[in-house]
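**Student:** This one is run05.cif, mmCIF, C-alpha atoms and all ligand atoms.
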data_input
loop_
_atom_site.label_atom_id
_atom_site.label_comp_id
_atom_site.auth_asym_id
_atom_site.auth_seq_id
_atom_site.Cartn_x
_atom_site.Cartn_y
_atom_site.Cartn_z
CA MET L 1 -24.12 -59.88 -11.00
CA HIS L 2 -23.23 -63.07 -9.19
CA GLN L 3 -23.57 -66.52 -10.64
CA ARG L 4 -25.43 -67.95 -7.67
CA VAL L 5 -28.48 -65.77 -7.71
CA GLY L 6 -32.02 -66.07 -6.36
CA VAL L 7 -32.92 -69.32 -4.70
CA SER L 8 -36.49 -69.53 -3.41
CA ALA L 9 -38.54 -72.50 -2.26
CA VAL L 10 -39.79 -73.28 -5.76
CA GLU L 11 -37.70 -71.32 -8.25
CA TYR L 12 -34.02 -71.71 -9.02
CA THR L 13 -32.06 -69.31 -11.17
CA GLY L 14 -28.75 -69.66 -12.99
CA VAL L 15 -26.84 -67.13 -15.06
CA GLY L 16 -24.17 -67.62 -17.71
CA PHE L 17 -22.22 -64.80 -19.37
CA GLY L 18 -21.25 -64.56 -23.01
CA LYS L 19 -17.50 -64.45 -23.63
CA LEU L 20 -14.78 -62.89 -25.70
CA LEU L 21 -11.54 -64.79 -26.06
CA LEU L 22 -8.67 -62.28 -25.89
CA PHE L 23 -5.71 -64.60 -26.50
CA GLY L 24 -4.91 -68.28 -26.91
CA GLU L 25 -7.63 -69.62 -29.23
CA HIS L 26 -6.70 -72.91 -30.91
CA ALA L 27 -3.37 -72.95 -29.04
CA ALA L 28 -5.42 -73.69 -25.89
CA VAL L 29 -6.54 -76.97 -27.45
CA TYR L 30 -2.86 -78.05 -27.26
CA GLY L 31 -2.30 -76.97 -23.67
CA TYR L 32 -1.18 -73.35 -24.08
CA PRO L 33 -2.73 -70.83 -21.67
CA ALA L 34 -5.57 -68.56 -22.71
CA LEU L 35 -7.05 -65.26 -21.63
CA GLY L 36 -10.68 -64.20 -21.94
CA ILE L 37 -13.22 -61.74 -20.67
CA ALA L 38 -16.95 -62.10 -19.95
CA LEU L 39 -19.35 -59.95 -21.94
CA PRO L 40 -21.95 -57.72 -20.34
CA LEU L 41 -24.50 -60.08 -21.94
CA CYS L 42 -25.97 -63.15 -20.33
CA THR L 43 -28.38 -66.04 -20.44
CA THR L 44 -30.66 -66.62 -17.47
CA VAL L 45 -32.46 -69.87 -16.73
CA HIS L 46 -35.36 -70.05 -14.28
CA LEU L 47 -36.31 -73.53 -13.17
CA VAL L 48 -39.67 -73.55 -11.45
CA ASP L 49 -40.60 -76.54 -9.30
CA GLU L 50 -44.31 -77.10 -10.00
CA GLY L 51 -44.74 -79.88 -7.45
CA LEU L 52 -45.28 -83.62 -7.63
CA ARG L 53 -46.15 -85.20 -10.95
CA THR L 54 -49.68 -86.49 -11.04
CA GLU L 55 -49.40 -88.93 -13.97
CA LEU L 56 -50.17 -92.49 -12.91
CA LYS L 57 -47.24 -93.93 -14.85
CA ARG L 58 -43.99 -92.10 -14.47
CA SER L 59 -41.44 -93.61 -16.76
CA THR L 60 -37.94 -92.18 -16.94
CA ALA L 61 -38.49 -91.75 -20.68
CA GLU L 62 -41.08 -89.09 -19.92
CA SER L 63 -39.47 -85.88 -18.95
CA GLY L 64 -40.91 -83.94 -16.05
CA LEU L 65 -39.64 -80.75 -17.68
CA SER L 66 -41.63 -78.43 -19.89
CA ALA L 67 -40.46 -75.27 -21.60
CA PRO L 68 -43.63 -73.91 -23.24
CA ASP L 69 -42.16 -70.54 -24.15
CA LEU L 70 -39.36 -71.94 -26.31
CA PRO L 71 -39.47 -72.74 -30.03
CA LYS L 72 -39.59 -76.49 -30.84
CA LYS L 73 -35.92 -76.81 -31.75
CA ASP L 74 -34.84 -75.16 -28.50
CA ARG L 75 -37.25 -77.32 -26.52
CA GLU L 76 -35.49 -80.39 -27.93
CA ILE L 77 -32.08 -79.03 -26.90
CA VAL L 78 -33.38 -78.22 -23.44
CA GLN L 79 -34.81 -81.74 -23.01
CA ALA L 80 -31.47 -83.21 -24.06
CA LEU L 81 -29.61 -81.00 -21.57
CA TRP L 82 -32.09 -81.95 -18.84
CA GLU L 83 -31.34 -85.63 -19.43
CA ASP L 84 -27.60 -84.84 -19.47
CA LEU L 85 -28.01 -83.26 -16.05
CA PHE L 86 -29.46 -86.50 -14.70
CA ARG L 87 -26.49 -88.39 -16.16
CA PHE L 88 -23.79 -86.01 -14.92
CA ALA L 89 -25.07 -84.64 -11.63
CA SER L 90 -24.04 -86.18 -8.34
CA ASP L 91 -26.81 -88.23 -6.77
CA SER L 92 -26.52 -86.92 -3.25
CA ASP L 93 -29.34 -88.12 -0.94
CA ASN L 94 -31.17 -89.86 -3.83
CA LEU L 95 -31.86 -86.43 -5.25
CA LEU L 96 -32.27 -87.64 -8.82
CA GLU L 97 -35.05 -90.05 -7.96
CA HIS L 98 -36.79 -87.33 -5.99
CA LEU L 99 -36.46 -84.91 -8.93
CA ARG L 100 -37.88 -87.45 -11.38
CA GLU L 101 -41.09 -87.36 -9.37
CA ARG L 102 -41.54 -83.63 -9.83
CA ARG L 103 -42.67 -81.34 -12.61
CA PHE L 104 -40.55 -78.37 -13.63
CA THR L 105 -41.10 -75.46 -15.95
CA LEU L 106 -38.12 -73.83 -17.58
CA GLN L 107 -37.83 -70.23 -18.75
CA VAL L 108 -34.83 -68.93 -20.64
CA ARG L 109 -33.90 -65.30 -21.31
CA SER L 110 -30.79 -64.36 -23.25
CA ASP L 111 -29.18 -61.41 -24.95
CA VAL L 112 -26.08 -63.36 -26.04
CA PRO L 113 -26.09 -63.54 -29.87
CA ARG L 114 -26.23 -67.14 -31.08
CA SER L 115 -23.83 -68.87 -33.47
CA ARG L 116 -21.45 -65.93 -33.45
CA GLY L 117 -18.53 -67.24 -31.39
CA LEU L 118 -19.56 -65.19 -28.36
CA GLY L 119 -20.14 -68.21 -26.13
CA SER L 120 -23.93 -68.56 -26.37
CA SER L 121 -23.90 -72.33 -25.87
CA ALA L 122 -21.51 -72.06 -22.91
CA ALA L 123 -23.69 -69.31 -21.41
CA ALA L 124 -26.76 -71.53 -21.75
CA CYS L 125 -24.92 -74.51 -20.22
CA ALA L 126 -23.67 -72.35 -17.33
CA ALA L 127 -27.15 -70.94 -16.70
CA PHE L 128 -28.69 -74.41 -16.81
CA ALA L 129 -25.99 -75.84 -14.54
CA GLY L 130 -26.30 -72.84 -12.19
CA ALA L 131 -30.04 -73.34 -11.77
CA TRP L 132 -29.47 -77.05 -11.18
CA THR L 133 -26.71 -76.44 -8.64
CA ALA L 134 -28.91 -73.91 -6.81
CA MET L 135 -31.61 -76.57 -6.61
CA GLU L 136 -29.24 -79.37 -5.69
CA VAL L 137 -27.29 -77.72 -2.99
CA GLY L 138 -28.97 -75.06 -1.12
CA SER L 139 -25.24 -75.08 -0.63
CA LYS L 140 -23.87 -78.37 0.54
CA LEU L 141 -20.95 -78.33 -1.85
CA PRO L 142 -17.85 -76.52 -0.60
CA ASP L 143 -17.39 -74.62 -3.89
CA SER L 144 -20.65 -74.51 -5.78
CA GLN L 145 -19.22 -72.27 -8.52
CA HIS L 146 -16.63 -74.89 -9.34
CA ALA L 147 -19.35 -77.58 -9.26
CA THR L 148 -21.43 -75.44 -11.63
CA TRP L 149 -18.46 -75.02 -13.97
CA LEU L 150 -17.79 -78.76 -14.05
CA LEU L 151 -21.43 -79.47 -14.79
CA ALA L 152 -21.61 -76.73 -17.45
CA HIS L 153 -18.41 -78.12 -19.04
CA LYS L 154 -19.94 -81.60 -19.24
CA LEU L 155 -23.11 -80.16 -20.77
CA GLU L 156 -21.07 -78.27 -23.36
CA HIS L 157 -19.88 -81.53 -24.88
CA ARG L 158 -23.34 -81.69 -26.47
CA PHE L 159 -22.40 -78.61 -28.53
CA HIS L 160 -18.64 -79.02 -29.06
CA GLY L 161 -16.79 -82.32 -29.27
CA THR L 162 -13.86 -81.34 -27.07
CA PRO L 163 -14.46 -78.03 -25.29
CA SER L 164 -11.44 -76.68 -23.44
CA GLY L 165 -13.50 -75.29 -20.53
CA ILE L 166 -12.60 -71.66 -21.25
CA ASP L 167 -16.02 -70.60 -22.48
CA THR L 168 -17.92 -72.21 -19.62
CA GLY L 169 -15.34 -70.87 -17.11
CA LEU L 170 -15.96 -67.32 -18.29
CA ALA L 171 -19.71 -67.99 -18.42
CA VAL L 172 -19.80 -69.17 -14.81
CA TYR L 173 -17.25 -66.91 -13.11
CA GLY L 174 -17.45 -63.78 -15.29
CA GLY L 175 -14.71 -61.13 -15.25
CA CYS L 176 -11.34 -61.28 -16.98
CA ARG L 177 -9.64 -64.63 -16.44
CA SER L 178 -6.61 -66.65 -17.42
CA PHE L 179 -6.80 -70.39 -18.05
CA LEU L 180 -3.86 -72.74 -17.54
CA PHE L 181 -4.04 -76.33 -18.70
CA ASN L 182 -2.42 -78.87 -16.41
CA GLY L 183 -4.00 -82.11 -17.51
CA GLY L 184 -7.07 -81.89 -15.25
CA GLU L 185 -10.63 -82.18 -16.47
CA LEU L 186 -10.84 -78.39 -16.26
CA PRO L 187 -8.04 -75.85 -16.60
CA GLU L 188 -6.93 -73.76 -13.64
CA THR L 189 -8.45 -70.32 -13.79
CA GLN L 190 -7.45 -67.07 -12.16
CA ALA L 191 -9.25 -63.71 -12.03
CA LEU L 192 -7.20 -60.84 -13.49
CA PRO L 193 -7.85 -57.11 -13.43
CA PRO L 194 -9.80 -56.32 -16.60
CA PRO L 195 -7.80 -54.37 -19.23
CA ALA L 196 -8.00 -50.63 -18.40
CA PHE L 197 -9.08 -49.64 -21.91
CA PRO L 198 -12.15 -50.12 -24.14
CA ILE L 199 -12.47 -53.32 -26.13
CA VAL L 200 -15.13 -53.75 -28.78
CA ALA L 201 -16.46 -57.30 -29.06
CA ALA L 202 -17.95 -57.78 -32.50
CA ALA L 203 -19.33 -60.72 -34.40
CA VAL L 204 -20.45 -61.68 -37.89
CA PRO L 205 -22.19 -64.87 -39.10
CA ARG L 206 -19.99 -67.95 -39.06
CA GLY L 207 -19.13 -70.03 -42.07
CA SER L 208 -18.30 -73.06 -39.95
CA ASP L 209 -18.69 -74.19 -36.34
CA THR L 210 -16.08 -74.52 -33.59
CA LYS L 211 -16.03 -78.30 -33.77
CA ALA L 212 -15.22 -78.32 -37.51
CA LEU L 213 -12.64 -75.51 -37.22
CA VAL L 214 -10.82 -77.18 -34.32
CA ALA L 215 -10.89 -80.50 -36.19
CA GLY L 216 -9.47 -78.82 -39.33
CA ILE L 217 -6.48 -77.40 -37.43
CA ARG L 218 -5.98 -80.74 -35.67
CA ARG L 219 -5.87 -82.59 -38.99
CA ARG L 220 -3.26 -80.24 -40.40
CA ARG L 221 -1.20 -80.39 -37.21
CA GLU L 222 -1.28 -84.20 -37.18
CA ALA L 223 -0.27 -84.22 -40.85
CA GLY L 224 2.87 -82.33 -39.75
CA ASP L 225 2.03 -78.99 -41.41
CA PRO L 226 4.90 -76.73 -40.25
CA VAL L 227 2.81 -73.54 -40.63
CA VAL L 228 0.27 -74.91 -38.17
CA HIS L 229 2.91 -76.13 -35.70
CA GLN L 230 4.73 -72.80 -35.68
CA ALA L 231 1.58 -70.68 -35.58
CA LEU L 232 0.13 -72.61 -32.62
CA ALA L 233 3.40 -72.34 -30.67
CA GLN L 234 3.61 -68.61 -31.37
CA LEU L 235 -0.06 -68.07 -30.46
CA GLY L 236 0.67 -69.87 -27.20
CA ARG L 237 3.71 -67.68 -26.50
CA ILE L 238 1.78 -64.48 -27.26
CA SER L 239 -1.04 -65.60 -24.99
CA GLU L 240 1.40 -66.35 -22.14
CA GLN L 241 2.97 -62.90 -22.51
CA ALA L 242 -0.42 -61.17 -22.79
CA ILE L 243 -1.60 -62.82 -19.54
CA ASP L 244 1.46 -61.39 -17.75
CA ALA L 245 0.96 -58.01 -19.42
CA VAL L 246 -2.71 -57.77 -18.43
CA ALA L 247 -1.91 -58.98 -14.89
CA ASP L 248 0.67 -56.16 -14.65
CA GLY L 249 -1.79 -53.55 -16.02
CA ALA L 250 0.21 -53.05 -19.24
CA PRO L 251 -0.82 -50.13 -21.46
CA ALA L 252 -3.33 -50.58 -24.27
CA GLU L 253 -0.57 -50.18 -26.91
CA THR L 254 1.31 -53.24 -25.59
CA VAL L 255 -1.74 -55.49 -25.46
CA ALA L 256 -3.02 -54.23 -28.84
CA ALA L 257 0.36 -54.97 -30.47
CA ALA L 258 0.10 -58.54 -29.14
CA ALA L 259 -3.43 -58.73 -30.58
CA ASN L 260 -2.17 -57.65 -34.01
CA GLU L 261 0.58 -60.26 -33.90
CA ALA L 262 -1.86 -63.00 -32.89
CA ASP L 263 -4.25 -61.90 -35.64
CA SER L 264 -1.59 -62.38 -38.36
CA LEU L 265 -1.02 -65.93 -37.12
CA LEU L 266 -4.75 -66.71 -37.07
CA VAL L 267 -4.94 -65.42 -40.65
CA GLU L 268 -2.02 -67.74 -41.55
CA LEU L 269 -4.08 -70.58 -40.09
CA GLU L 270 -6.81 -69.67 -42.62
CA LEU L 271 -9.31 -68.73 -39.93
CA ASP L 272 -10.09 -65.34 -41.43
CA SER L 273 -13.27 -64.19 -43.16
CA GLU L 274 -14.05 -61.25 -45.43
CA GLN L 275 -16.51 -59.69 -43.03
CA VAL L 276 -14.13 -59.95 -40.07
CA ARG L 277 -11.37 -58.33 -42.15
CA TYR L 278 -13.73 -55.54 -43.17
CA GLY L 279 -14.61 -55.01 -39.48
CA LEU L 280 -10.98 -54.92 -38.38
CA ARG L 281 -10.07 -52.43 -41.12
CA LEU L 282 -13.02 -50.25 -40.09
CA ALA L 283 -11.91 -50.41 -36.44
CA LYS L 284 -8.49 -49.02 -37.46
CA GLU L 285 -10.24 -46.17 -39.33
CA TYR L 286 -12.02 -45.36 -36.05
CA GLY L 287 -8.67 -45.25 -34.26
CA ALA L 288 -8.34 -48.77 -32.85
CA LEU L 289 -4.79 -49.59 -31.74
CA GLY L 290 -5.17 -53.20 -32.70
CA GLY L 291 -7.51 -56.10 -33.13
CA LYS L 292 -7.82 -59.74 -33.93
CA ILE L 293 -9.99 -62.69 -34.75
CA SER L 294 -11.36 -64.04 -31.47
CA GLY L 295 -12.32 -67.67 -30.82
CA ALA L 296 -12.57 -70.36 -33.42
CA GLY L 297 -12.62 -68.07 -36.49
CA GLY L 298 -14.24 -68.71 -39.87
CA GLY L 299 -16.34 -65.59 -39.30
CA GLY L 300 -17.77 -65.27 -35.81
CA ALA L 301 -16.18 -63.07 -33.17
CA PHE L 302 -13.42 -60.50 -33.42
CA LEU L 303 -12.20 -57.68 -31.21
CA ALA L 304 -10.74 -54.20 -31.43
CA MET L 305 -8.73 -52.47 -28.69
CA PHE L 306 -8.77 -48.69 -28.18
CA ALA L 307 -6.72 -46.31 -26.03
CA PRO L 308 -8.25 -45.48 -22.62
CA ASN L 309 -9.19 -41.97 -23.81
CA GLN L 310 -10.87 -43.35 -26.94
CA ALA L 311 -14.09 -44.70 -25.38
CA GLU L 312 -16.17 -42.49 -27.65
CA ALA L 313 -14.36 -43.71 -30.76
CA ALA L 314 -14.91 -47.30 -29.60
CA ALA L 315 -18.64 -46.60 -29.16
CA ALA L 316 -18.81 -44.90 -32.58
CA PHE L 317 -17.14 -47.92 -34.21
CA ALA L 318 -19.51 -50.34 -32.44
CA ALA L 319 -22.49 -48.29 -33.63
CA ALA L 320 -21.23 -47.89 -37.23
CA LEU L 321 -20.11 -51.46 -37.91
CA PRO L 322 -23.56 -53.13 -38.29
CA THR L 323 -24.86 -50.39 -40.61
CA LYS L 324 -21.72 -50.19 -42.75
CA LEU L 325 -21.39 -53.94 -43.07
CA LYS L 326 -25.07 -54.25 -44.00
CA LYS L 327 -24.45 -51.89 -46.93
CA THR L 328 -21.87 -54.35 -48.27
CA GLY L 329 -24.31 -57.28 -47.86
CA GLY L 330 -22.91 -58.36 -44.49
CA GLU L 331 -24.24 -58.49 -40.96
CA ALA L 332 -22.64 -57.70 -37.60
CA GLU L 333 -23.23 -57.07 -33.93
CA ALA L 334 -20.90 -55.17 -31.65
CA ILE L 335 -20.71 -54.20 -27.99
CA VAL L 336 -18.17 -52.10 -26.08
CA ILE L 337 -16.58 -53.59 -22.98
CA LEU L 338 -15.50 -50.74 -20.75
CA PRO L 339 -13.21 -51.13 -17.75
CA PRO L 340 -14.89 -50.22 -14.43
CA GLN L 341 -13.17 -46.80 -14.24
CA LEU L 342 -14.54 -45.76 -17.67
CA ARG L 343 -18.13 -46.89 -17.03
CA PRO L 344 -20.96 -44.45 -16.42
CA PRO L 345 -21.65 -44.21 -12.64
CA SER L 346 -24.95 -46.17 -12.78
CA THR L 347 -23.26 -49.33 -14.11
CA LYS L 348 -20.13 -49.27 -11.91
CA ALA L 349 -21.74 -51.59 -9.37
CA GLU L 350 -21.42 -54.44 -11.90
CA SER L 351 -17.66 -54.18 -12.01
CA THR L 352 -16.82 -56.98 -9.61
CA THR L 353 -14.62 -59.94 -10.45
CA SER L 354 -17.62 -62.27 -10.58
CA GLY L 355 -19.77 -60.63 -13.17
CA PRO L 356 -19.21 -59.22 -16.58
CA ALA L 357 -15.78 -57.69 -16.77
C1 LIG K 401 -13.23 -71.31 -29.04
O1 LIG K 401 -13.82 -70.22 -28.34
C2 LIG K 401 -11.77 -71.41 -28.69
C3 LIG K 401 -11.05 -72.61 -29.25
O2 LIG K 401 -9.71 -72.55 -28.76
C4 LIG K 401 -11.71 -73.92 -28.83
C5 LIG K 401 -11.60 -74.18 -27.34
O3 LIG K 401 -10.70 -73.67 -26.66
O4 LIG K 401 -12.45 -74.98 -26.85
C6 LIG K 401 -10.99 -72.58 -30.76
#
If you convert what's in this file into structure tokens, what do you get?

**Tutor:**
Amino acid sequence: MHQRVGVSAVEYTGVGFGKLLLFGEHAAVYGYPALGIALPLCTTVHLVDEGLRTELKRSTAESGLSAPDLPKKDREIVQALWEDLFRFASDSDNLLEHLRERRFTLQVRSDVPRSRGLGSSAAACAAFAGAWTAMEVGSKLPDSQHATWLLAHKLEHRFHGTPSGIDTGLAVYGGCRSFLFNGGELPETQALPPPAFPIVAAAVPRGSDTKALVAGIRRRREAGDPVVHQALAQLGRISEQAIDAVADGAPAETVAAAANEADSLLVELELDSEQVRYGLRLAKEYGALGGKISGAGGGGAFLAMFAPNQAEAAAAFAAALPTKLKKTGGEAEAIVILPPQLRPPSTKAESTTSGPA
């Protein structure tokens, strides 16, 4: 699926993928490179232009946007994002004034689990920004995907204090991508061939949010905690090596060993949770070669890597995890990410670089 999808006279659509961070979490905040992969899950935003507003008094305080299908709390978030768009978007040809005079209806569909570290807020920001860019451009901008990413990144500040741009990059571009930080507003990103083996993306409820977890590591780093300094540097080194390994099509064993090493460091950083540990142990019982905490930690996302001929074991683990964890009082979701060559024929068409990996 491509980010810039259907544009009609009155309806604009944007899509944002969920994400799984493979390597580089937390280290990325300090400039180390990171590697991630889009999930075959997405959020879609439809923005329908309903025509000119008929109210006699149009004040900028009154939003021209309605989202009748959403629960109240989500409607409030959507209104806030809508106002953010007016603040951040470029005002080419007095577009913003023109848009203020119109009524829009917003519909959102999503199968990205929320508050699980799988990039639901980035997916929503990317979908919102994609619909806006489709409306704004037709396609005047030379690189509308980059414009969408920048806009989505700005929107994501509403959810995370200092997002690195990784989640929104994966949400907008899809695929497997590296991210290199060079001091710009956004990192440089490059599409890589997706790993040629099954990866299970799993998630449990989070005990804390990304903002708090990143702030906690920052505090310890600034206080000179040697464990934190060393762990971040090693996570950065592992991520750098994993990017090269994945780019070179390294075998599953090599990448999984790097995942195990990174996991130990994330545990040292106290980002582990009981449910994640249970899930990673279970993955090993199902034959996983390796696995790790993924993303900010404190619960949330984790991943397990299987050998290329172990797609069935990966699927069995993904199916068993929610049931088994429920029996211990926990809760989990899991999805298998298959490389294009291991996908059933009907889904192979999705295996482009701009789409889920
Ligand atoms: C969150 O998915 C990854 C972190 O490194 C934060 C970030 O990069 O924005 C913890």

**Student:** Could you state the separation of atom CA of L:Ala201 and atom CA of L:Leu235 in Å, given to one decimal place?

**Tutor:**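 About the pair atom CA of L:Ala201 and atom CA of L:Leu235: they are 19.7 Å apart.
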
**Student:** Please report, as CSV, each residue of stretch 28-55 of chain L lying at most 12 Å from stretch 281-296 of chain L, together with the nearest pair of atoms and the separation in Å rounded to one decimal; use all atoms listed in the file, and order rows by chain and ascending residue number.

**Tutor:**
residue,atom,partner,partner_atom,distance
L:Ala28,CA,L:Gly295,CA,10.4
L:Val29,CA,L:Ala296,CA,10.8
L:Ala34,CA,L:Gly295,CA,10.6
L:Leu35,CA,L:Ser294,CA,10.8
L:Gly36,CA,L:Ser294,CA,9.6
L:Ile37,CA,L:Ser294,CA,11.2

**Student:** What does the distance between atom CA of L:Pro40 and atom CA of L:Ile337 come to in Å, to one decimal place?

**Tutor:**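 That distance, rounded to one decimal, is 7.3 Å.
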
**Student:** Show which residues sit within 12 Å of stretch 313-330 of chain L, as an MDAnalysis selection string. Count all atoms listed in the file, and ignore same-chain residues fewer than 3 positions away.

**Tutor:** chainID L and resid 197:206 273:290 299 302:310 333:338

**Student:** I want to know what sits within 12 Å of stretch 220-231 of chain L, based on all atoms listed in the file, with residues of the same chain fewer than 6 positions away left out; could you give that as a list in words?

**Tutor:**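 Answer for this query is Gly24, Glu25, His26, Ala27, Val29, Tyr30, Leu213, Val214, Arg237, Ile238, Glu261, Ala262, Asp263, Ser264, Leu265, Leu266, Val267, Glu268, Leu269, Glu270 and Leu271 of chain L.
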
**Student:** Which is closer to L:Phe179 than all the others in L:Ser110, L:Ser164, L:Ser120, L:Gln241, using all atoms listed in the file?

**Tutor:** L:Ser164

**Student:** Return as lines of an AutoDock Vina configuration file the box centre and box size in Å, one decimal, for an axis-aligned box around all listed atoms of stretch 287-292 of chain L padded by 6 Å per side.

**Tutor:**
center_x = -6.7
center_y = -52.5
center_z = -33.0
size_x = 15.9
size_y = 26.5
size_z = 14.5

**Student:** I need the residue nearest L:Ala124 from this list: L:Arg53, L:Arg102, L:Lys72, L:His46. Use only C-alpha atoms for the distance.

**Tutor:** L:His46

**Student:** Quick one: of L:Leu232, L:Ala134, L:Ile243, L:Leu95, who's nearest to ligand LIG 401 (chain K), counting all atoms listed in the file?

**Tutor:**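 Smallest separation from ligand LIG 401 (chain K) among the options: L:Leu232.
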
**Student:** Do you have the atom CA of L:Thr210-atom CA of L:Ala233 distance handy?

**Tutor:**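 Value for the atom CA of L:Thr210-atom CA of L:Ala233 distance: 19.8 Å.
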
**Student:** With all atoms listed in the file as the atoms that count, which of L:Arg103, L:Arg219, L:Tyr32, L:Val112 lies nearest to ligand LIG 401 (chain K)?

**Tutor:**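 Using all atoms listed in the file, the shortest distance to ligand LIG 401 (chain K) belongs to L:Tyr32.
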